[in-house]
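Shown next, in structure tokens, is the structure this report addresses.
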Amino acid sequence: MKEFPKKYNPTESEQSWAKKWQQSDLYSFKSGQAREESFVVDTPPPTVSGSLHIGHVFSYTHTDMVTRYKRMKGYNIMYPMGWDDNGLPTERRVQNKFAIRCNPSLSYDDSWSPSEAKAKTKSSEVSRQNFIESCGLVTQEDEKAFEELWRRLGLSVDWDEQYATIDSHCRKISQLSFLDLWNKGFIYQNESPTMWDVDFQTALAQADIEDRESPGAYHDIRFAVDGGESFVISTTRPELLVSCIAVVAHPDDERYQKFFNKTAVTPLFGAKVPIRPSEHADPEKGSGILMVCTFGDAADVDWWKTSGLGIKQSIGKNGRMLELEFGSGPFSSIDSAKAGEFYSDLVGLKVHQARKKVAELLATPGTCPLNVDATSMDCALVGEPKAISHPVKYYEKGDRPIEFITTRQWFVEILKHKQPLLEQGKKIAWHPSHMHTRYHNWVEGLNQDWCISRQRFFGVPFPVWYKVLDSGEVDFSNPLFASVEKLPVDPFTDCPEGYSENQRARPGGFVEDPDVMDTWATSSLTPQLVSNWGLDEKKHGEVFPMDLRPQSHEIIRTWAFYTIAKAWMHSNEIPWKNVVISGWILDPDRKKMSKSKGNVVTPQNLLDDYSSDAVRYWTARARLGVDTAYDESVFKVGRKLSTKLFNASKFVLGFFAEESVSSLSLENVTVAVDRSFLSSLRKTVEEASRSFEKFDYATALSVSEQSFWNFCDNYLELIKIRAYGAEGVSNDDRLSALVALRVGLETYLRLFAPVMPFITEEIWSWYFADTSIFNHHGENNSIHLSSWPEGSDFSGLKETGQETDLLGLAGEVLSQVRTAKSDAQKKLKWPVDNLVVEVGKENLDSVKKLVDDIIRAGNVLNNALELREANEGLDGKLVRTSIILAEEEVQKA
RNA sequence: AGGCGCGUAGCUCAGUUGGCUAGAGCACUUCCUUGACGUGGAAGGGGUCAGCGGUUCGAGUCCGCUCGUGCCUACCA
């Protein structure tokens, strides 16, 4: 028996165990075992954002508890940790931290190193390579901070299995994936209108977009019709008037049928545009007739694609109005000079400025009759703009609405494959199951292929170059791909096969593909990153498909979806068998905690104040998929449980400290109430196991906790005097109690080990590490390698032949005795002169077996307990008592 | 506007296939000053289970509608 402390100091103890675990191979994956003997987790790589928040602690602990359970069940655990460091969030942070901007046209400066910027430093430009190195520096620091937090929290991660989405391994697999998808025909390149963020100046995918309710205004604008009439369209984007390529109304709309196949003339710019019928025009909305512009929205893009008309691009990649030349190219006009004059007021303006300016121009008398035959019109704007609020598409990380801009991009084909992707979703078990609906809805609602190229820097480059023709033109139609053996490549510094560096960007030579991949193009490969897909078939076979994908619900559309899609495209498999969805942490006002809202609680203080075990306890109380309000009182409950575990263990193990108890076999549990306790514990064990099998750690904890408090409050109180070996207690009866106590404690510690790994390990080390028969996983006698309790552990228990819950009955009697003492404002040890217990006939024999323990626990003097059969109803209660307390606190005779 | 959740004590939440005289913890009130535990223990008060209607011997639980609330998706004329 190890010396154990009088008081529990969680901070000290937790730190010391974290250190010991770090030095051991407790959590390492053992290669060479069969797939079915392993349990493999696809850990979410956290965005290394520089700030840790309580939401991280929450969901990662959920996964850890399941993993610890599986480890105790004997599985070979693969529990890796990745860091999501590539992508925009890092770039943005680096830009601010060092006050730098990336200018890809600069060349690398190896003498330069980043330094922390003082407030309001003006940004300086650095080369692509310098920029990328700065990103690497920052993320490494953050990854250390995360690792420290994870270790302190007790996540049982195998730290040998680490990856960072920007590291060379991940770049290699990402490029391999790209080439594989290209070879399988899932990838194409296309120059077409794509959603574009004008601040980050990059293309985006559907999953990156969110709607935000934003203010806008309907501008009613009169268009002339060639031949002398006019109509009014209603638009929120008058600045796109210059890009108008057509006007459409619903084919059944009688108001406008007469105009179909005629030509309209736009105000200000005098462009002749066709008037056509189109189903997508809603007669109820606005004036029922609308202008199609290149491009105002997705509907414009769709319509344009089938129209055979050209593009009039007026918004630049930076979100400002482009310089345009009227009278030539697409911008023909019936009065080019006038059009150019109007437009000169708009050139270079940002979209929202141009909108205001156009409205002014349209409202100015005399600016308008550029039409053919409208001498009576001098102002195209009809009435005042009418303010509205409407949803507008934004990049989820952006500040200005997205635009549709024509650029060359790489796409992964998904629209064609909705059906098989829906099927894949059905093969996966979603926990809770209704989360499957989210996946299903998302896939059904997809309307764009996945744009995977981004015009950014800190990401995985495409392993692609293009030939430069002798004419100097770039030949995009025959890309040059890197060979698989060369991966990862950086096309900026590596050359395509058969070329040398001096041919870069020269006629007859080559140029690199300038883009990087969408961060999800890498994150969607987390299972393959860990399994070494394409590189190490043996390891891949040992861990793929994985067992568990934990994640939160808002990224079902991205992370879950893309991962499922890739696994299907690469190998026609599901990436994992189970998806487990954690809810969100809500602040006390029931808003989601997030950095941008400034309502984030940092985990560090909580761990200091309440201990890791207590914080873990709080996370364990939250059921899967259910959002949880941040509530400090739950930490206190967790701390209380860990204190109770400590004290109860100290007490129980006290019996084993000084004397050796010769036989601890379950056969020695001969007293009925002891057997009753153990058989109820067996039920608890079975229910906790069932719950854990469904990843329902919350119910597992709940039933264990309930049982444990009953153990402390009722069972221990009832039998402790017998366990002391008080006068008149036979050795057999005492031994019965001791064995039950030991088995009970040994079981509770293991039940709580996944939730509270520190306190349970601490207690286990005092005694069970040396004595427990459940330490059979090797040389390390950590509780975390002991075996999870099973119903069969109790099979040595002698059958009682009856189902009565003796502990419950005894608890009921004791409770009534306590109530009597409490009502009389006496202490609990206050003696009882006389105790009458009435029970139903069916329980008479049962209670007889409890009499001795009840007399001792209730401090009934002179064995004055009278047991009677109740001859009247008991009002639904098990027992009725009448209690006479002693007058004075006399010593027991 | 559709889809998916949720609405149970002051607060945070359990409540399996309908059997409930509706539970727990926190908070509150009273008591106990401790032979495992004052970072504790015991006892107690507190609820028309959002509302209405239906199925049933019986509904917190199943069905329908309504209200409130949250998320996901759609919606830039």
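Letters A, B, ... go to the chains of the structure tokens in the order shown; residues in each chain start at 1; ligands are counted from 1 in the same order.
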Give me the residues within 10 Å of range 51-68 of chain B as a PyMOL selection string, counting only C-alpha atoms (C1' of nucleotides) and dropping any in the same chain fewer than 4 places off.
-> chain B and resi 7-8+15+18-20+22
Could you give me, as a PyMOL selection string, each residue of range 579-782 of chain A that DSSP assigns to strand (DSSP E or B) when run on this structure's backbone?
-> chain A and resi 579-582+585-586+592+628-629
Return the neighbours of chain A among the residues of chain B, cut-off 8 Å, counting only C-alpha atoms (C1' of nucleotides), as a CSV table (one decimal) with C-alpha atoms (C1' of nucleotides), in the first residue's frame.
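Done, and the output landed in out28.csv:
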chain,number,residue,atom,x,y,z
B,3,G,C1',-36.0,21.2,-42.9
B,4,C,C1',-34.2,19.6,-38.1
B,12,U,C1',-28.7,23.9,-15.5
B,25,G,C1',-27.6,18.9,-9.2
B,26,C,C1',-27.1,24.0,-8.1
B,31,C,C1',-30.2,21.4,11.4
B,32,C,C1',-25.5,18.6,12.3
B,36,A,C1',-13.6,8.7,5.4
B,37,C,C1',-15.2,13.4,3.9
B,39,U,C1',-13.7,21.5,-0.8
B,42,A,C1',-28.6,15.2,7.0
B,43,A,C1',-33.4,16.9,6.2
B,72,C,C1',-29.4,24.3,-40.9
B,73,U,C1',-30.8,25.3,-45.9
B,75,C,C1',-34.1,33.7,-50.7
B,76,C,C1',-29.1,39.8,-53.8
B,77,A,C1',-34.1,41.4,-59.7
When you draw a straight line from CA of Pro44 in chain A to CA of Arg549 in chain A, how long is it in Å?
-> 7.8 Å
Give me the residues within 12 Å of Asn871 in chain A as a ChimeraX atom specification, counting only C-alpha atoms (C1' of nucleotides) and dropping any in the same chain fewer than 5 places off.
-> /A:838-841,879-880
Leaving out range 50-58 of chain A and any residue of its chain fewer than 3 positions from it, which residues lie within 8 Å of it when counting only C-alpha atoms (C1' of nucleotides), given as a PyMOL selection string?
-> chain A and resi 61-62+139+142+146+153+584-585+593+600-603+616+619
Could you turn the residues from that selection into a file that holds N, CA, C and O atoms, as a PDB file, in the first residue's frame?
ATOM      1  N   THR A  61     -12.697  16.748 -25.128  1.00  0.00           N
ATOM      2  CA  THR A  61     -12.831  15.858 -23.981  1.00  0.00           C
ATOM      3  C   THR A  61     -13.857  14.763 -24.266  1.00  0.00           C
ATOM      4  O   THR A  61     -13.673  13.617 -23.858  1.00  0.00           O
ATOM      5  N   HIS A  62     -14.916  15.105 -24.973  1.00  0.00           N
ATOM      6  CA  HIS A  62     -15.897  14.079 -25.347  1.00  0.00           C
ATOM      7  C   HIS A  62     -15.206  12.917 -26.062  1.00  0.00           C
ATOM      8  O   HIS A  62     -15.426  11.754 -25.751  1.00  0.00           O
ATOM      9  N   THR A 139       2.459  29.562 -36.344  1.00  0.00           N
ATOM     10  CA  THR A 139       1.657  28.374 -36.047  1.00  0.00           C
ATOM     11  C   THR A 139       2.399  27.416 -35.130  1.00  0.00           C
ATOM     12  O   THR A 139       1.784  26.762 -34.300  1.00  0.00           O
ATOM     13  N   ASP A 142       1.768  28.403 -31.624  1.00  0.00           N
ATOM     14  CA  ASP A 142       0.403  28.109 -31.204  1.00  0.00           C
ATOM     15  C   ASP A 142       0.197  26.620 -30.958  1.00  0.00           C
ATOM     16  O   ASP A 142      -0.522  26.217 -30.060  1.00  0.00           O
ATOM     17  N   PHE A 146      -1.351  24.706 -27.663  1.00  0.00           N
ATOM     18  CA  PHE A 146      -2.438  23.730 -27.709  1.00  0.00           C
ATOM     19  C   PHE A 146      -2.009  22.406 -27.077  1.00  0.00           C
ATOM     20  O   PHE A 146      -2.739  21.823 -26.287  1.00  0.00           O
ATOM     21  N   LEU A 153      -5.247  18.818 -19.853  1.00  0.00           N
ATOM     22  CA  LEU A 153      -6.619  18.321 -19.819  1.00  0.00           C
ATOM     23  C   LEU A 153      -6.658  16.802 -19.714  1.00  0.00           C
ATOM     24  O   LEU A 153      -7.674  16.219 -19.396  1.00  0.00           O
ATOM     25  N   TRP A 584     -22.711  22.963 -28.952  1.00  0.00           N
ATOM     26  CA  TRP A 584     -21.936  24.180 -28.718  1.00  0.00           C
ATOM     27  C   TRP A 584     -21.987  24.564 -27.251  1.00  0.00           C
ATOM     28  O   TRP A 584     -22.897  24.194 -26.536  1.00  0.00           O
ATOM     29  N   ILE A 585     -21.027  25.380 -26.871  1.00  0.00           N
ATOM     30  CA  ILE A 585     -21.102  26.029 -25.568  1.00  0.00           C
ATOM     31  C   ILE A 585     -21.825  27.349 -25.779  1.00  0.00           C
ATOM     32  O   ILE A 585     -21.446  28.129 -26.639  1.00  0.00           O
ATOM     33  N   MET A 593     -20.766  30.824 -27.908  1.00  0.00           N
ATOM     34  CA  MET A 593     -19.518  31.483 -27.565  1.00  0.00           C
ATOM     35  C   MET A 593     -18.622  31.500 -28.782  1.00  0.00           C
ATOM     36  O   MET A 593     -18.387  30.481 -29.407  1.00  0.00           O
ATOM     37  N   VAL A 600     -15.904  34.788 -24.936  1.00  0.00           N
ATOM     38  CA  VAL A 600     -15.217  33.520 -24.749  1.00  0.00           C
ATOM     39  C   VAL A 600     -14.594  33.429 -23.365  1.00  0.00           C
ATOM     40  O   VAL A 600     -14.039  34.380 -22.865  1.00  0.00           O
ATOM     41  N   VAL A 601     -14.730  32.250 -22.766  1.00  0.00           N
ATOM     42  CA  VAL A 601     -14.067  31.984 -21.498  1.00  0.00           C
ATOM     43  C   VAL A 601     -12.802  31.176 -21.810  1.00  0.00           C
ATOM     44  O   VAL A 601     -12.859  30.201 -22.544  1.00  0.00           O
ATOM     45  N   THR A 602     -11.682  31.596 -21.296  1.00  0.00           N
ATOM     46  CA  THR A 602     -10.461  30.838 -21.577  1.00  0.00           C
ATOM     47  C   THR A 602     -10.315  29.699 -20.575  1.00  0.00           C
ATOM     48  O   THR A 602     -10.651  29.840 -19.406  1.00  0.00           O
ATOM     49  N   PRO A 603      -9.827  28.574 -21.045  1.00  0.00           N
ATOM     50  CA  PRO A 603      -9.821  27.382 -20.203  1.00  0.00           C
ATOM     51  C   PRO A 603      -8.792  27.424 -19.059  1.00  0.00           C
ATOM     52  O   PRO A 603      -8.987  26.761 -18.051  1.00  0.00           O
ATOM     53  N   ARG A 616     -13.492  18.355 -16.984  1.00  0.00           N
ATOM     54  CA  ARG A 616     -13.879  17.206 -17.802  1.00  0.00           C
ATOM     55  C   ARG A 616     -15.255  16.699 -17.395  1.00  0.00           C
ATOM     56  O   ARG A 616     -16.074  16.325 -18.241  1.00  0.00           O
ATOM     57  N   THR A 619     -17.868  18.664 -19.046  1.00  0.00           N
ATOM     58  CA  THR A 619     -18.085  18.316 -20.451  1.00  0.00           C
ATOM     59  C   THR A 619     -18.847  17.000 -20.575  1.00  0.00           C
ATOM     60  O   THR A 619     -19.624  16.815 -21.499  1.00  0.00           O
TER      61      THR A 619
END
DSSP on the backbone: what in range 513-688 of chain A comes out alpha helix (DSSP H), as a ChimeraX atom specification?
-> /A:519-523,526-531,537-543,561-571,603-610,612-620,632-657,672-688
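The protein and nucleic acid residues lying at most 12 Å from A9 in chain B are A22, G23, A24, C26, A27, G45, G46, G47 and C49 of chain B, with only C-alpha atoms (C1' of nucleotides) considered and sequence neighbours fewer than 5 positions away removed.
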Counting only C-alpha atoms, closest pick from A:Asp853, A:Asp513, A:Glu254, A:Glu693 relative to Val489 in chain A is A:Asp513
Got a sec: who's within 8 Å of range 64-81 of chain A, counting only C-alpha atoms (C1' of nucleotides), leaving out chain neighbours fewer than 6 positions off, as an MDAnalysis selection string?
-> chainID A and resid 27:30 33 37:45 155:163 530 543 692 695 697 753:755 777 784:788
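For Met756 in chain A, the set of protein, DNA and RNA residues having any atom at most 10 Å away, when counting only C-alpha atoms (C1' of nucleotides) and skipping those fewer than 6 positions along the same chain, is A:Met65, A:Leu153, A:Gly154, A:Ser612, A:Asp613, A:Ala614, A:Val615, A:Arg616, A:Tyr617, A:Ala620, A:Gly638, A:Leu641, A:Ser642, A:Leu749, A:Arg750.
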Could the residues in this selection be saved with all heavy atoms as an mmCIF file, in the first residue's frame?
data_model
loop_
_atom_site.group_PDB
_atom_site.id
_atom_site.type_symbol
_atom_site.label_atom_id
_atom_site.label_comp_id
_atom_site.auth_asym_id
_atom_site.auth_seq_id
_atom_site.Cartn_x
_atom_site.Cartn_y
_atom_site.Cartn_z
ATOM 1 N N MET A 65 -12.985 10.789 -23.760
ATOM 2 C CA MET A 65 -13.671 9.861 -22.859
ATOM 3 C C MET A 65 -14.026 8.568 -23.587
ATOM 4 O O MET A 65 -13.858 7.475 -23.051
ATOM 5 C CB MET A 65 -14.910 10.544 -22.277
ATOM 6 C CG MET A 65 -14.517 11.691 -21.356
ATOM 7 S SD MET A 65 -15.890 12.449 -20.468
ATOM 8 C CE MET A 65 -16.764 13.277 -21.766
ATOM 9 N N LEU A 153 -5.247 18.818 -19.853
ATOM 10 C CA LEU A 153 -6.619 18.321 -19.819
ATOM 11 C C LEU A 153 -6.658 16.802 -19.714
ATOM 12 O O LEU A 153 -7.674 16.219 -19.396
ATOM 13 C CB LEU A 153 -7.300 18.697 -21.131
ATOM 14 C CG LEU A 153 -8.504 19.578 -21.152
ATOM 15 C CD1 LEU A 153 -9.134 19.482 -22.530
ATOM 16 C CD2 LEU A 153 -9.515 19.231 -20.097
ATOM 17 N N GLY A 154 -5.535 16.185 -20.036
ATOM 18 C CA GLY A 154 -5.477 14.731 -19.963
ATOM 19 C C GLY A 154 -5.976 14.034 -21.210
ATOM 20 O O GLY A 154 -6.445 12.898 -21.134
ATOM 21 N N SER A 612 -8.576 19.792 -13.779
ATOM 22 C CA SER A 612 -8.918 19.210 -15.077
ATOM 23 C C SER A 612 -10.064 18.212 -14.946
ATOM 24 O O SER A 612 -10.974 18.181 -15.767
ATOM 25 C CB SER A 612 -7.709 18.492 -15.678
ATOM 26 O OG SER A 612 -6.685 19.418 -15.945
ATOM 27 N N ASP A 613 -10.008 17.394 -13.913
ATOM 28 C CA ASP A 613 -11.065 16.398 -13.731
ATOM 29 C C ASP A 613 -12.439 17.063 -13.626
ATOM 30 O O ASP A 613 -13.413 16.577 -14.199
ATOM 31 C CB ASP A 613 -10.806 15.574 -12.464
ATOM 32 C CG ASP A 613 -9.787 14.451 -12.704
ATOM 33 O OD1 ASP A 613 -9.609 14.068 -13.876
ATOM 34 O OD2 ASP A 613 -9.200 13.973 -11.723
ATOM 35 N N ALA A 614 -12.500 18.172 -12.894
ATOM 36 C CA ALA A 614 -13.791 18.837 -12.706
ATOM 37 C C ALA A 614 -14.279 19.441 -14.015
ATOM 38 O O ALA A 614 -15.472 19.392 -14.328
ATOM 39 C CB ALA A 614 -13.672 19.919 -11.632
ATOM 40 N N VAL A 615 -13.353 19.987 -14.786
ATOM 41 C CA VAL A 615 -13.745 20.567 -16.071
ATOM 42 C C VAL A 615 -14.186 19.452 -17.017
ATOM 43 O O VAL A 615 -15.170 19.578 -17.749
ATOM 44 C CB VAL A 615 -12.586 21.396 -16.667
ATOM 45 C CG1 VAL A 615 -12.893 21.814 -18.096
ATOM 46 C CG2 VAL A 615 -12.329 22.628 -15.801
ATOM 47 N N ARG A 616 -13.492 18.355 -16.984
ATOM 48 C CA ARG A 616 -13.879 17.206 -17.802
ATOM 49 C C ARG A 616 -15.255 16.699 -17.395
ATOM 50 O O ARG A 616 -16.074 16.325 -18.241
ATOM 51 C CB ARG A 616 -12.854 16.077 -17.664
ATOM 52 C CG ARG A 616 -11.505 16.370 -18.287
ATOM 53 C CD ARG A 616 -10.518 15.249 -17.982
ATOM 54 N NE ARG A 616 -10.968 13.992 -18.564
ATOM 55 C CZ ARG A 616 -10.471 13.463 -19.685
ATOM 56 N NH1 ARG A 616 -9.474 14.052 -20.317
ATOM 57 N NH2 ARG A 616 -10.959 12.336 -20.155
ATOM 58 N N TYR A 617 -15.498 16.691 -16.099
ATOM 59 C CA TYR A 617 -16.801 16.259 -15.600
ATOM 60 C C TYR A 617 -17.913 17.109 -16.218
ATOM 61 O O TYR A 617 -18.928 16.592 -16.683
ATOM 62 C CB TYR A 617 -16.824 16.373 -14.078
ATOM 63 C CG TYR A 617 -18.190 16.150 -13.473
ATOM 64 C CD1 TYR A 617 -18.618 14.877 -13.129
ATOM 65 C CD2 TYR A 617 -19.058 17.221 -13.265
ATOM 66 C CE1 TYR A 617 -19.874 14.673 -12.593
ATOM 67 C CE2 TYR A 617 -20.317 17.015 -12.732
ATOM 68 C CZ TYR A 617 -20.720 15.741 -12.391
ATOM 69 O OH TYR A 617 -21.971 15.547 -11.881
ATOM 70 N N ALA A 620 -18.624 16.116 -19.613
ATOM 71 C CA ALA A 620 -19.260 14.793 -19.687
ATOM 72 C C ALA A 620 -20.750 14.868 -19.412
ATOM 73 O O ALA A 620 -21.505 13.963 -19.752
ATOM 74 C CB ALA A 620 -18.599 13.842 -18.689
ATOM 75 N N GLY A 638 -18.398 18.715 -10.136
ATOM 76 C CA GLY A 638 -17.310 17.832 -10.551
ATOM 77 C C GLY A 638 -16.213 17.785 -9.499
ATOM 78 O O GLY A 638 -15.682 16.717 -9.180
ATOM 79 N N LEU A 641 -17.338 15.661 -6.674
ATOM 80 C CA LEU A 641 -17.258 14.227 -6.946
ATOM 81 C C LEU A 641 -15.820 13.739 -6.797
ATOM 82 O O LEU A 641 -15.578 12.666 -6.237
ATOM 83 C CB LEU A 641 -17.790 13.920 -8.347
ATOM 84 C CG LEU A 641 -17.643 12.468 -8.811
ATOM 85 C CD1 LEU A 641 -18.404 11.511 -7.902
ATOM 86 C CD2 LEU A 641 -18.126 12.306 -10.259
ATOM 87 N N SER A 642 -14.875 14.525 -7.275
ATOM 88 C CA SER A 642 -13.502 14.042 -7.195
ATOM 89 C C SER A 642 -13.032 14.026 -5.730
ATOM 90 O O SER A 642 -12.336 13.121 -5.310
ATOM 91 C CB SER A 642 -12.576 14.838 -8.124
ATOM 92 O OG SER A 642 -12.078 15.981 -7.504
ATOM 93 N N LEU A 749 -13.704 3.138 -9.488
ATOM 94 C CA LEU A 749 -12.555 3.873 -10.039
ATOM 95 C C LEU A 749 -12.467 3.660 -11.546
ATOM 96 O O LEU A 749 -12.225 4.588 -12.315
ATOM 97 C CB LEU A 749 -11.258 3.410 -9.368
ATOM 98 C CG LEU A 749 -11.084 3.854 -7.918
ATOM 99 C CD1 LEU A 749 -9.819 3.224 -7.332
ATOM 100 C CD2 LEU A 749 -11.011 5.373 -7.804
ATOM 101 N N ARG A 750 -12.677 2.422 -11.980
ATOM 102 C CA ARG A 750 -12.582 2.150 -13.413
ATOM 103 C C ARG A 750 -13.758 2.772 -14.168
ATOM 104 O O ARG A 750 -13.605 3.234 -15.300
ATOM 105 C CB ARG A 750 -12.481 0.642 -13.651
ATOM 106 C CG ARG A 750 -11.079 0.107 -13.277
ATOM 107 C CD ARG A 750 -10.966 -1.394 -13.426
ATOM 108 N NE ARG A 750 -11.871 -2.079 -12.524
ATOM 109 C CZ ARG A 750 -12.545 -3.181 -12.833
ATOM 110 N NH1 ARG A 750 -12.413 -3.736 -14.020
ATOM 111 N NH2 ARG A 750 -13.338 -3.736 -11.940
#
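Between Trp196 in chain A and the candidates A:Glu403, A:Glu213, A:Glu279, A:Asp252, the tightest atom-to-atom separation, counting only C-alpha atoms, involves A:Glu403.
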One decimal, Å: what's the distance from CA of Glu687 in chain A over to CA of Leu701 in chain A, could you say?
-> 10.1 Å
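Interatomic distance, CA of Tyr466 in chain A against CA of Thr194 in chain A: 21.5 Å.
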